[in-house]
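To keep things clear, I will list the structure first and then write my remarks on it.
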Amino acid sequence: MRRVMVLLGMAVMLFGCRARKSSDQTTGYQTGSPYTGRSDSSAADSGVGATGIAGTNSGATLEAPQRIPGVLAALSQMKAAGKTDRANLTALRGNLEAMVSGMRDDLRRAGQADTGTFHDLADSVAGKLGGGAGGLAKPLNSKQIGELSSQVQRLVGGYNAAMGRQGS
């Protein structure tokens with residue numbers, strides 16, 4: 001009788017304590033990641049097997065509007081000072097690149113086609129400061145800072161018009 005009880009106890013432990021697969025393990029994990037292509041993504045198309053655009057942030061908020069005021073403030077301070085140092089220009093270049101990247105992502109998510117105007121203006125802005133990673137930005141005089149500022153204003157205006165937003 002004692003052996004039967006021991007065997008019965010071991011059987012209960014063996015079958016009762018084994019891990020069950022959850023529904024997430026059988027269908028794949030549903031994360032809340034903004035970079036997901038799963039059905040919980042707000043950027044995913046509806047329908048069976050639909051996926052989001054790989055590498056595109058699928059969050060519900062726009063990326064560029066939070067970057068625009070900082071870039072415009074930095075530009076206006078540089079313009080008012082009349083001179084700039086290369087470290088500040090390099091920081092501005094990084095902020096401009098992040099802003100332009102956010103604008104492109106926002107426009108892509110909104111389904112706005114680029115006629116080439118936005119792309120050309122964005123490349124022109126990046127080229128003024130010497131695009132590319134590493135190293136310091138190109139030095140600019142006060143006239144070039146003014147030109148850069150007006151180009152950035154046009155870029156922001158075009159973005160706002162395409163997204164149906166009021167000016168920043």
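By order in the structure tokens, chains are A, B, ...; within a chain, residues start at 1; ligands start at 1, following the order shown.
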Which residues come within 12 Å of Pro69 of chain A, counting only C-alpha atoms, excluding same-chain residues fewer than 6 positions away, as a PDB file with N, CA and C atoms, in the first residue's frame?
```
ATOM      1  N   LEU A  75      18.610  77.533 -33.810  1.00  0.00           N
ATOM      2  CA  LEU A  75      18.902  78.340 -34.998  1.00  0.00           C
ATOM      3  C   LEU A  75      18.736  79.831 -34.713  1.00  0.00           C
ATOM      4  N   SER A  76      17.675  80.196 -34.015  1.00  0.00           N
ATOM      5  CA  SER A  76      17.460  81.618 -33.746  1.00  0.00           C
ATOM      6  C   SER A  76      18.539  82.174 -32.812  1.00  0.00           C
ATOM      7  N   ASN A  95      20.621  67.243 -34.260  1.00  0.00           N
ATOM      8  CA  ASN A  95      19.200  67.522 -34.004  1.00  0.00           C
ATOM      9  C   ASN A  95      18.417  67.685 -35.300  1.00  0.00           C
ATOM     10  N   LEU A  96      19.024  68.338 -36.286  1.00  0.00           N
ATOM     11  CA  LEU A  96      18.360  68.495 -37.591  1.00  0.00           C
ATOM     12  C   LEU A  96      18.140  67.139 -38.260  1.00  0.00           C
ATOM     13  N   MET A  99      15.317  65.437 -36.568  1.00  0.00           N
ATOM     14  CA  MET A  99      14.049  66.071 -36.918  1.00  0.00           C
ATOM     15  C   MET A  99      13.613  65.655 -38.325  1.00  0.00           C
ATOM     16  N   VAL A 152      15.288  75.728 -43.106  1.00  0.00           N
ATOM     17  CA  VAL A 152      14.635  74.910 -42.077  1.00  0.00           C
ATOM     18  C   VAL A 152      13.194  75.375 -41.878  1.00  0.00           C
ATOM     19  N   GLN A 153      12.969  76.698 -41.918  1.00  0.00           N
ATOM     20  CA  GLN A 153      11.601  77.227 -41.800  1.00  0.00           C
ATOM     21  C   GLN A 153      10.724  76.712 -42.946  1.00  0.00           C
ATOM     22  N   VAL A 156       9.973  72.990 -42.308  1.00  0.00           N
ATOM     23  CA  VAL A 156       8.945  72.847 -41.270  1.00  0.00           C
ATOM     24  C   VAL A 156       7.581  73.257 -41.829  1.00  0.00           C
ATOM     25  N   GLY A 167       1.299  76.066 -38.025  1.00  0.00           N
ATOM     26  CA  GLY A 167       2.728  76.347 -37.892  1.00  0.00           C
ATOM     27  C   GLY A 167       3.213  76.306 -36.462  1.00  0.00           C
ATOM     28  N   SER A 168       4.485  75.877 -36.308  1.00  0.00           N
ATOM     29  CA  SER A 168       5.093  75.797 -34.971  1.00  0.00           C
ATOM     30  C   SER A 168       5.750  77.097 -34.615  1.00  0.00           C
TER      31      SER A 168
END
```
Item to complete: Grab the atom CA of Arg67 of chain A to atom CA of Arg86 of chain A distance for me, in Å with one decimal place.
Response: 20.8 Å
Worksheet item: Residues at most 12 Å from Gly82 of chain A, counting only C-alpha atoms, excluding those fewer than 5 positions away in the same chain, as an MDAnalysis selection string?
Response: chainID A and resid 75:77 140:146
Given the selection you just returned, output its residues as a file containing all heavy atoms, formatted as a JSON list (two decimals), in the first residue's frame.
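File produced: again.json:
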```json
[["chain", "number", "residue", "atom", "x", "y", "z"],
["A", 75, "LEU", "N", 18.61, 77.53, -33.81],
["A", 75, "LEU", "CA", 18.90, 78.34, -35.00],
["A", 75, "LEU", "C", 18.74, 79.83, -34.71],
["A", 75, "LEU", "O", 19.57, 80.64, -35.13],
["A", 75, "LEU", "CB", 18.00, 77.93, -36.16],
["A", 75, "LEU", "CG", 18.49, 76.78, -37.01],
["A", 75, "LEU", "CD1", 17.40, 76.33, -37.97],
["A", 75, "LEU", "CD2", 19.74, 77.15, -37.77],
["A", 76, "SER", "N", 17.67, 80.20, -34.02],
["A", 76, "SER", "CA", 17.46, 81.62, -33.75],
["A", 76, "SER", "C", 18.54, 82.17, -32.81],
["A", 76, "SER", "O", 18.96, 83.32, -32.97],
["A", 76, "SER", "CB", 16.07, 81.86, -33.17],
["A", 76, "SER", "OG", 15.95, 81.32, -31.89],
["A", 77, "GLN", "N", 19.01, 81.39, -31.85],
["A", 77, "GLN", "CA", 20.09, 81.85, -30.98],
["A", 77, "GLN", "C", 21.39, 82.02, -31.74],
["A", 77, "GLN", "O", 22.12, 82.99, -31.53],
["A", 77, "GLN", "CB", 20.28, 80.90, -29.81],
["A", 77, "GLN", "CG", 19.21, 81.03, -28.76],
["A", 77, "GLN", "CD", 19.47, 80.15, -27.55],
["A", 77, "GLN", "OE1", 20.34, 79.28, -27.56],
["A", 77, "GLN", "NE2", 18.70, 80.38, -26.50],
["A", 140, "LEU", "N", 30.06, 77.85, -40.37],
["A", 140, "LEU", "CA", 29.17, 78.71, -41.14],
["A", 140, "LEU", "C", 29.30, 80.14, -40.64],
["A", 140, "LEU", "O", 29.43, 80.37, -39.44],
["A", 140, "LEU", "CB", 27.71, 78.26, -40.98],
["A", 140, "LEU", "CG", 27.34, 76.85, -41.44],
["A", 140, "LEU", "CD1", 25.88, 76.57, -41.16],
["A", 140, "LEU", "CD2", 27.64, 76.66, -42.92],
["A", 141, "ASN", "N", 29.22, 81.10, -41.57],
["A", 141, "ASN", "CA", 29.20, 82.50, -41.17],
["A", 141, "ASN", "C", 27.76, 82.94, -40.93],
["A", 141, "ASN", "O", 26.82, 82.16, -41.12],
["A", 141, "ASN", "CB", 29.91, 83.39, -42.22],
["A", 141, "ASN", "CG", 29.25, 83.30, -43.58],
["A", 141, "ASN", "OD1", 28.04, 83.14, -43.70],
["A", 141, "ASN", "ND2", 30.07, 83.40, -44.63],
["A", 142, "SER", "N", 27.56, 84.17, -40.53],
["A", 142, "SER", "CA", 26.21, 84.63, -40.17],
["A", 142, "SER", "C", 25.26, 84.60, -41.37],
["A", 142, "SER", "O", 24.06, 84.31, -41.21],
["A", 142, "SER", "CB", 26.26, 86.03, -39.56],
["A", 142, "SER", "OG", 26.83, 86.94, -40.47],
["A", 143, "LYS", "N", 25.76, 84.88, -42.58],
["A", 143, "LYS", "CA", 24.91, 84.83, -43.77],
["A", 143, "LYS", "C", 24.44, 83.40, -44.02],
["A", 143, "LYS", "O", 23.26, 83.16, -44.32],
["A", 143, "LYS", "CB", 25.67, 85.36, -44.98],
["A", 143, "LYS", "CG", 24.85, 85.32, -46.26],
["A", 143, "LYS", "CD", 25.66, 85.78, -47.45],
["A", 143, "LYS", "CE", 24.81, 85.64, -48.71],
["A", 143, "LYS", "NZ", 25.63, 85.69, -49.91],
["A", 144, "GLN", "N", 25.34, 82.44, -43.87],
["A", 144, "GLN", "CA", 24.99, 81.03, -44.10],
["A", 144, "GLN", "C", 24.03, 80.52, -43.03],
["A", 144, "GLN", "O", 23.15, 79.71, -43.32],
["A", 144, "GLN", "CB", 26.26, 80.17, -44.13],
["A", 144, "GLN", "CG", 27.12, 80.44, -45.35],
["A", 144, "GLN", "CD", 28.49, 79.78, -45.24],
["A", 144, "GLN", "OE1", 29.11, 79.79, -44.18],
["A", 144, "GLN", "NE2", 28.94, 79.20, -46.35],
["A", 145, "ILE", "N", 24.18, 81.01, -41.79],
["A", 145, "ILE", "CA", 23.24, 80.64, -40.73],
["A", 145, "ILE", "C", 21.84, 81.15, -41.07],
["A", 145, "ILE", "O", 20.85, 80.45, -40.89],
["A", 145, "ILE", "CB", 23.70, 81.19, -39.37],
["A", 145, "ILE", "CG1", 24.93, 80.45, -38.88],
["A", 145, "ILE", "CG2", 22.59, 81.12, -38.32],
["A", 145, "ILE", "CD1", 24.67, 79.05, -38.41],
["A", 146, "GLY", "N", 21.75, 82.37, -41.61],
["A", 146, "GLY", "CA", 20.45, 82.92, -42.02],
["A", 146, "GLY", "C", 19.82, 82.10, -43.13],
["A", 146, "GLY", "O", 18.61, 81.85, -43.12]]
```
Item to complete: Please measure the separation of atom CA of Ala64 of chain A and atom CA of Pro139 of chain A, giving the value in Å to one decimal.
Response: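 Separation of atom CA of Ala64 of chain A and atom CA of Pro139 of chain A: 25.7 Å.
The interatomic distance for the pair atom CA of Thr90 of chain A and atom CA of Ala73 of chain A works out to 15.2 Å.
When the distance limit is 12 Å and only C-alpha atoms are what count, the residues near Ala87 of chain A, minus those fewer than 3 positions from it on the same chain, are Thr84, Thr90, Ala91, Leu92, Arg93, Gly94, Leu129, Gly134, Gly135, Leu136, Ala137, Lys138, Pro139 and Leu140 of chain A.
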Could you write out the selected residues, including N, CA, C and O atoms, as a PDB file, in the first residue's frame?
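Generated output (part.pdb):
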```pdb
ATOM      1  N   THR A  84      29.188  81.297 -34.498  1.00  0.00           N
ATOM      2  CA  THR A  84      28.915  79.957 -33.980  1.00  0.00           C
ATOM      3  C   THR A  84      30.223  79.218 -33.788  1.00  0.00           C
ATOM      4  O   THR A  84      31.216  79.515 -34.452  1.00  0.00           O
ATOM      5  N   THR A  90      27.695  71.140 -34.720  1.00  0.00           N
ATOM      6  CA  THR A  90      27.635  69.683 -34.784  1.00  0.00           C
ATOM      7  C   THR A  90      26.423  69.167 -34.023  1.00  0.00           C
ATOM      8  O   THR A  90      25.726  68.260 -34.483  1.00  0.00           O
ATOM      9  N   ALA A  91      26.148  69.744 -32.860  1.00  0.00           N
ATOM     10  CA  ALA A  91      24.952  69.359 -32.099  1.00  0.00           C
ATOM     11  C   ALA A  91      23.686  69.704 -32.893  1.00  0.00           C
ATOM     12  O   ALA A  91      22.742  68.913 -32.926  1.00  0.00           O
ATOM     13  N   LEU A  92      23.685  70.879 -33.519  1.00  0.00           N
ATOM     14  CA  LEU A  92      22.539  71.270 -34.346  1.00  0.00           C
ATOM     15  C   LEU A  92      22.353  70.296 -35.502  1.00  0.00           C
ATOM     16  O   LEU A  92      21.232  69.918 -35.831  1.00  0.00           O
ATOM     17  N   ARG A  93      23.464  69.878 -36.114  1.00  0.00           N
ATOM     18  CA  ARG A  93      23.387  68.927 -37.230  1.00  0.00           C
ATOM     19  C   ARG A  93      22.715  67.632 -36.776  1.00  0.00           C
ATOM     20  O   ARG A  93      21.846  67.098 -37.464  1.00  0.00           O
ATOM     21  N   GLY A  94      23.088  67.131 -35.605  1.00  0.00           N
ATOM     22  CA  GLY A  94      22.464  65.909 -35.090  1.00  0.00           C
ATOM     23  C   GLY A  94      20.981  66.090 -34.840  1.00  0.00           C
ATOM     24  O   GLY A  94      20.173  65.217 -35.158  1.00  0.00           O
ATOM     25  N   LEU A 129      25.479  71.742 -43.456  1.00  0.00           N
ATOM     26  CA  LEU A 129      26.272  71.504 -42.256  1.00  0.00           C
ATOM     27  C   LEU A 129      27.285  70.386 -42.443  1.00  0.00           C
ATOM     28  O   LEU A 129      28.015  70.061 -41.517  1.00  0.00           O
ATOM     29  N   GLY A 134      30.151  61.373 -37.680  1.00  0.00           N
ATOM     30  CA  GLY A 134      31.530  61.590 -37.260  1.00  0.00           C
ATOM     31  C   GLY A 134      32.041  62.953 -37.673  1.00  0.00           C
ATOM     32  O   GLY A 134      31.599  63.553 -38.642  1.00  0.00           O
ATOM     33  N   GLY A 135      32.954  63.456 -36.911  1.00  0.00           N
ATOM     34  CA  GLY A 135      33.570  64.739 -37.220  1.00  0.00           C
ATOM     35  C   GLY A 135      32.670  65.907 -36.878  1.00  0.00           C
ATOM     36  O   GLY A 135      31.502  65.759 -36.541  1.00  0.00           O
ATOM     37  N   LEU A 136      33.257  67.077 -36.969  1.00  0.00           N
ATOM     38  CA  LEU A 136      32.530  68.312 -36.676  1.00  0.00           C
ATOM     39  C   LEU A 136      31.815  68.823 -37.917  1.00  0.00           C
ATOM     40  O   LEU A 136      32.197  68.512 -39.041  1.00  0.00           O
ATOM     41  N   ALA A 137      30.807  69.621 -37.701  1.00  0.00           N
ATOM     42  CA  ALA A 137      30.076  70.244 -38.802  1.00  0.00           C
ATOM     43  C   ALA A 137      30.952  71.300 -39.462  1.00  0.00           C
ATOM     44  O   ALA A 137      31.913  71.801 -38.874  1.00  0.00           O
ATOM     45  N   LYS A 138      30.605  71.644 -40.682  1.00  0.00           N
ATOM     46  CA  LYS A 138      31.333  72.701 -41.386  1.00  0.00           C
ATOM     47  C   LYS A 138      31.069  74.038 -40.704  1.00  0.00           C
ATOM     48  O   LYS A 138      29.945  74.296 -40.252  1.00  0.00           O
ATOM     49  N   PRO A 139      32.075  74.893 -40.623  1.00  0.00           N
ATOM     50  CA  PRO A 139      31.837  76.214 -40.033  1.00  0.00           C
ATOM     51  C   PRO A 139      30.953  77.057 -40.957  1.00  0.00           C
ATOM     52  O   PRO A 139      31.060  76.975 -42.178  1.00  0.00           O
ATOM     53  N   LEU A 140      30.061  77.849 -40.366  1.00  0.00           N
ATOM     54  CA  LEU A 140      29.171  78.709 -41.136  1.00  0.00           C
ATOM     55  C   LEU A 140      29.297  80.141 -40.636  1.00  0.00           C
ATOM     56  O   LEU A 140      29.434  80.373 -39.437  1.00  0.00           O
TER      57      LEU A 140
END
```
Worksheet item: Residues at most 9 Å from Arg104 of chain A, counting only C-alpha atoms, excluding those fewer than 3 positions away in the same chain, as a list of chain:residue names?
Response: A:Ala64, A:Met99, A:Val100, A:Ser101, A:Leu107, A:Arg108, A:Arg109, A:Phe118, A:His119, A:Tyr159
What does the file look like for those residues with all heavy atoms, as a compact mmCIF listing (two decimals), in the first residue's frame?
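Result written to result_33.txt:
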```
# COMPACT_ATOMS: atom_id res chain seq x y z
N ALA A 64 8.23 64.24 -35.28
CA ALA A 64 8.88 65.52 -35.58
C ALA A 64 8.42 66.69 -34.72
O ALA A 64 9.25 67.51 -34.34
CB ALA A 64 8.70 65.85 -37.06
N MET A 99 15.32 65.44 -36.57
CA MET A 99 14.05 66.07 -36.92
C MET A 99 13.61 65.65 -38.33
O MET A 99 12.46 65.29 -38.55
CB MET A 99 14.17 67.60 -36.84
CG MET A 99 12.88 68.33 -37.17
SD MET A 99 13.06 70.12 -37.25
CE MET A 99 13.86 70.31 -38.85
N VAL A 100 14.53 65.70 -39.28
CA VAL A 100 14.21 65.34 -40.66
C VAL A 100 13.82 63.86 -40.74
O VAL A 100 12.87 63.50 -41.44
CB VAL A 100 15.40 65.67 -41.60
CG1 VAL A 100 15.21 65.05 -42.97
CG2 VAL A 100 15.55 67.18 -41.73
N SER A 101 14.52 63.01 -40.02
CA SER A 101 14.18 61.59 -40.00
C SER A 101 12.77 61.38 -39.43
O SER A 101 11.98 60.59 -39.97
CB SER A 101 15.20 60.82 -39.17
OG SER A 101 14.85 59.48 -39.05
N LEU A 107 5.54 61.46 -42.33
CA LEU A 107 4.92 61.58 -43.65
C LEU A 107 4.64 60.20 -44.24
O LEU A 107 3.58 59.98 -44.85
CB LEU A 107 5.82 62.39 -44.59
CG LEU A 107 5.94 63.88 -44.24
CD1 LEU A 107 7.05 64.53 -45.05
CD2 LEU A 107 4.62 64.60 -44.46
N ARG A 108 5.57 59.27 -44.06
CA ARG A 108 5.39 57.91 -44.58
C ARG A 108 4.20 57.24 -43.90
O ARG A 108 3.37 56.61 -44.56
CB ARG A 108 6.67 57.11 -44.34
CG ARG A 108 6.73 55.82 -45.10
CD ARG A 108 8.09 55.13 -44.96
NE ARG A 108 9.16 55.96 -45.48
CZ ARG A 108 10.22 56.34 -44.76
NH1 ARG A 108 10.36 55.97 -43.52
NH2 ARG A 108 11.16 57.09 -45.30
N ARG A 109 4.10 57.37 -42.57
CA ARG A 109 2.99 56.76 -41.85
C ARG A 109 1.66 57.38 -42.23
O ARG A 109 0.64 56.71 -42.23
CB ARG A 109 3.20 56.90 -40.33
CG ARG A 109 4.02 55.80 -39.73
CD ARG A 109 3.87 55.76 -38.23
NE ARG A 109 4.16 57.01 -37.58
CZ ARG A 109 5.35 57.42 -37.20
NH1 ARG A 109 6.39 56.66 -37.42
NH2 ARG A 109 5.53 58.57 -36.60
N PHE A 118 10.37 67.88 -50.69
CA PHE A 118 10.79 67.68 -49.30
C PHE A 118 12.16 67.02 -49.26
O PHE A 118 13.04 67.44 -48.51
CB PHE A 118 9.76 66.82 -48.55
CG PHE A 118 10.14 66.57 -47.12
CD1 PHE A 118 9.81 67.48 -46.14
CD2 PHE A 118 10.83 65.42 -46.75
CE1 PHE A 118 10.17 67.28 -44.82
CE2 PHE A 118 11.19 65.20 -45.44
CZ PHE A 118 10.86 66.13 -44.47
N HIS A 119 12.36 65.99 -50.06
CA HIS A 119 13.63 65.27 -50.09
C HIS A 119 14.79 66.20 -50.48
O HIS A 119 15.85 66.19 -49.86
CB HIS A 119 13.54 64.09 -51.06
CG HIS A 119 14.79 63.30 -51.17
ND1 HIS A 119 15.19 62.41 -50.19
CD2 HIS A 119 15.75 63.27 -52.12
CE1 HIS A 119 16.34 61.87 -50.55
NE2 HIS A 119 16.70 62.37 -51.72
N TYR A 159 6.30 70.48 -44.04
CA TYR A 159 5.87 69.36 -43.20
C TYR A 159 4.51 69.65 -42.58
O TYR A 159 3.62 68.81 -42.61
CB TYR A 159 6.93 69.10 -42.12
CG TYR A 159 6.46 68.16 -41.02
CD1 TYR A 159 6.45 66.78 -41.23
CD2 TYR A 159 6.04 68.65 -39.80
CE1 TYR A 159 6.02 65.92 -40.24
CE2 TYR A 159 5.61 67.79 -38.80
CZ TYR A 159 5.61 66.43 -39.02
OH TYR A 159 5.18 65.60 -38.03
```
Fill in: Who sits within 10 Å of Arg154 of chain A, only C-alpha atoms, same chain under 5 positions skipped, as a PyMOL selection string
chain A and resi 118+121-122+148-149+159-160
Those residues you just picked out, can you put them in a file as a PDB file, in the first residue's frame with N, CA, C and O atoms?
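Below is the file out-v4.pdb, written as the result:
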```pdb
ATOM      1  N   PHE A 118      10.371  67.883 -50.688  1.00  0.00           N
ATOM      2  CA  PHE A 118      10.787  67.679 -49.305  1.00  0.00           C
ATOM      3  C   PHE A 118      12.162  67.024 -49.259  1.00  0.00           C
ATOM      4  O   PHE A 118      13.043  67.444 -48.510  1.00  0.00           O
ATOM      5  N   LEU A 121      14.950  69.533 -50.305  1.00  0.00           N
ATOM      6  CA  LEU A 121      15.176  70.545 -49.280  1.00  0.00           C
ATOM      7  C   LEU A 121      15.861  69.943 -48.058  1.00  0.00           C
ATOM      8  O   LEU A 121      16.782  70.539 -47.490  1.00  0.00           O
ATOM      9  N   ALA A 122      15.464  68.743 -47.659  1.00  0.00           N
ATOM     10  CA  ALA A 122      16.085  68.067 -46.518  1.00  0.00           C
ATOM     11  C   ALA A 122      17.555  67.766 -46.807  1.00  0.00           C
ATOM     12  O   ALA A 122      18.418  67.945 -45.939  1.00  0.00           O
ATOM     13  N   LEU A 148      20.439  78.917 -43.762  1.00  0.00           N
ATOM     14  CA  LEU A 148      20.055  77.638 -43.171  1.00  0.00           C
ATOM     15  C   LEU A 148      18.742  77.777 -42.397  1.00  0.00           C
ATOM     16  O   LEU A 148      17.849  76.929 -42.514  1.00  0.00           O
ATOM     17  N   SER A 149      18.616  78.855 -41.661  1.00  0.00           N
ATOM     18  CA  SER A 149      17.403  79.099 -40.885  1.00  0.00           C
ATOM     19  C   SER A 149      16.172  79.204 -41.797  1.00  0.00           C
ATOM     20  O   SER A 149      15.128  78.623 -41.504  1.00  0.00           O
ATOM     21  N   TYR A 159       6.299  70.482 -44.036  1.00  0.00           N
ATOM     22  CA  TYR A 159       5.874  69.355 -43.201  1.00  0.00           C
ATOM     23  C   TYR A 159       4.513  69.650 -42.575  1.00  0.00           C
ATOM     24  O   TYR A 159       3.616  68.808 -42.607  1.00  0.00           O
ATOM     25  N   ASN A 160       4.373  70.830 -41.994  1.00  0.00           N
ATOM     26  CA  ASN A 160       3.113  71.198 -41.360  1.00  0.00           C
ATOM     27  C   ASN A 160       1.961  71.205 -42.352  1.00  0.00           C
ATOM     28  O   ASN A 160       0.854  70.755 -42.046  1.00  0.00           O
TER      29      ASN A 160
END
```
Practice prompt. Mind listing the helix (DSSP H, G or I) residues of segment 52-132 of chain A, per DSSP on the backbone, as a ChimeraX atom specification?
Written response: /A:64-66,68-81,86-110,117-128
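If you measure from each of A:Thr61, A:Gly158, A:Met78, A:Ser150 to Gly116 of chain A using only C-alpha atoms, the closest one turns out to be A:Gly158.
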